[in-house]
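Here the structure comes first, spelled out in structure tokens, and everything after it is commentary.
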Amino acid sequence: MKRIIATTLLLGASLFAVDGYKVYQETCKACHVEMISVAETMKQMKTLKAPPMVEVSHQLKRTIIIKGAKADDEEIHRFATIAFIKNYLQSPSIDYFMCNPGAVDRFGVMPAQSHLSEEERQAVAEWIYDRYEDVEFK
Ligand code: HEC
């Protein structure tokens, strides 16, 4: 009986699991290019609507710094970065954006993505963090 319950729970979890990449494709891709070089970004600047996601990911990881005993803890850094992204999606603000200031001058502040559910925000924020692991923006 226990095993049946566990299996049902697992199946349930995978049935309802939100795919962060799918959220990106459906909601963010219209403005944020997934992967592009710095040189191409410069060339395409006139047609871009937002900073490329590869740049956003790197910029946030660079800007969010954990100090103290947990300074080298990747899990804490990941958690803090994802929490920031989730919050920013609901209430973007000129007062605490972390991307390149030039991007805000050029594109303005991002429109709130508050139509997303908590699960969708979590999944897409995790995707932004993990997608560009070991990928450079250069
Ligand atoms: C209508 C265009 C548009 C859409 C759609 C959009 N964004 Fe943005 N986004 C922007 C612009 C412009 C900026 C740069 C200005 C800023 O940071 O507010 C930005 C910045 C960001 C940042 C950096 C925040 C910071 O600290 O400055 C994140 C993270 C982000 N977007 C994630 C997302 C995700 C995830 C989605 C999809 C759920 C999404 N965006 C959809 C336009 C958009």
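Chain labels A, B, ... are given in the sequence in which chains occur in the structure tokens; within each chain residues are numbered consecutively from 1, and ligands are likewise numbered from 1 in the order shown.
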- request: Grab me every residue within 6 Å of ligand 1, counting only C-alpha atoms and all ligand atoms, and send it over as JSON, numbers by chain.
  value: {"A": [24, 27, 28, 30, 31, 50, 51, 56, 85, 92, 97, 98, 99, 103, 104, 107, 108, 109, 110, 111, 113, 124]}
Neighbour list for A:Gln59 as a PyMOL selection string, cut-off 10 Å, only C-alpha atoms, skip fewer than 3 positions in-chain: chain A and resi 53-56+62-64+98-100+137
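Proximity to A:Ser114 was assessed for A:Tyr132, A:Tyr88, A:Trp127, A:Tyr96 counting only C-alpha atoms; the smallest distance is recorded for A:Tyr88.
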From A:Ala69, A:Ala125, A:Val33, A:Val38, residue lying nearest A:Thr81 [only C-alpha atoms]: A:Ala125
Can you tell me which residues surround A:Glu126 at a distance of at most 12 Å, considering only C-alpha atoms, apart from same-chain residues fewer than 6 positions away, and format the answer as an mmCIF file with C-alpha atoms, in the first residue's frame?
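This is the output file part_27.cif:
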data_model
loop_
_atom_site.group_PDB
_atom_site.id
_atom_site.type_symbol
_atom_site.label_atom_id
_atom_site.label_comp_id
_atom_site.auth_asym_id
_atom_site.auth_seq_id
_atom_site.Cartn_x
_atom_site.Cartn_y
_atom_site.Cartn_z
ATOM 1 C CA VAL A 18 6.245 22.783 -14.849
ATOM 2 C CA ASP A 19 8.929 22.887 -17.533
ATOM 3 C CA GLY A 20 10.943 26.090 -17.104
ATOM 4 C CA TYR A 21 12.104 26.060 -20.711
ATOM 5 C CA VAL A 23 7.618 28.895 -19.767
ATOM 6 C CA TYR A 24 10.587 30.730 -21.309
ATOM 7 C CA SER A 57 21.791 35.067 -16.135
ATOM 8 C CA GLU A 75 23.193 26.045 -3.366
ATOM 9 C CA HIS A 77 23.779 31.395 -4.234
ATOM 10 C CA ARG A 78 21.400 29.510 -6.517
ATOM 11 C CA PHE A 79 18.556 29.852 -4.017
ATOM 12 C CA ALA A 80 19.113 33.608 -3.552
ATOM 13 C CA THR A 81 19.343 34.247 -7.297
ATOM 14 C CA ILE A 82 16.190 32.252 -8.040
ATOM 15 C CA ALA A 83 14.333 34.043 -5.234
ATOM 16 C CA PHE A 84 15.371 37.407 -6.695
ATOM 17 C CA ILE A 85 14.194 36.440 -10.193
ATOM 18 C CA LYS A 86 10.836 35.158 -8.916
ATOM 19 C CA GLU A 119 5.201 27.133 -10.024
ATOM 20 C CA GLU A 120 5.834 28.762 -13.395
ATOM 21 C CA TYR A 132 23.826 28.879 -18.541
ATOM 22 C CA GLU A 133 25.980 26.836 -16.182
#
Distance in Å - atom CA of A:Leu48 versus atom CA of A:His32: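 Those two atoms sit 7.9 Å apart.
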field: Using only C-alpha atoms: which of A:Leu60, A:Met45, A:Leu116, A:Ile76 has the shortest distance to A:Ile128
entry: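 Comparing A:Leu60, A:Met45, A:Leu116, A:Ile76 against A:Ile128, the winner is A:Leu60.
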- prompt: atom CA of A:Thr47 and atom CA of A:Ala112, how far apart in Å?
  reply: 21.3 Å
message: Just checking: using only C-alpha atoms, which residue out of A:Arg121, A:Lys46, A:Asp72, A:Glu136 ends up closest to A:Lys22?
response: A:Arg121
- request: Please measure the separation of atom CA of A:Lys29 and atom CA of A:Gln90, giving the value in Å to one decimal.
  value: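 Going from atom CA of A:Lys29 over to atom CA of A:Gln90, I get 17.3 Å.
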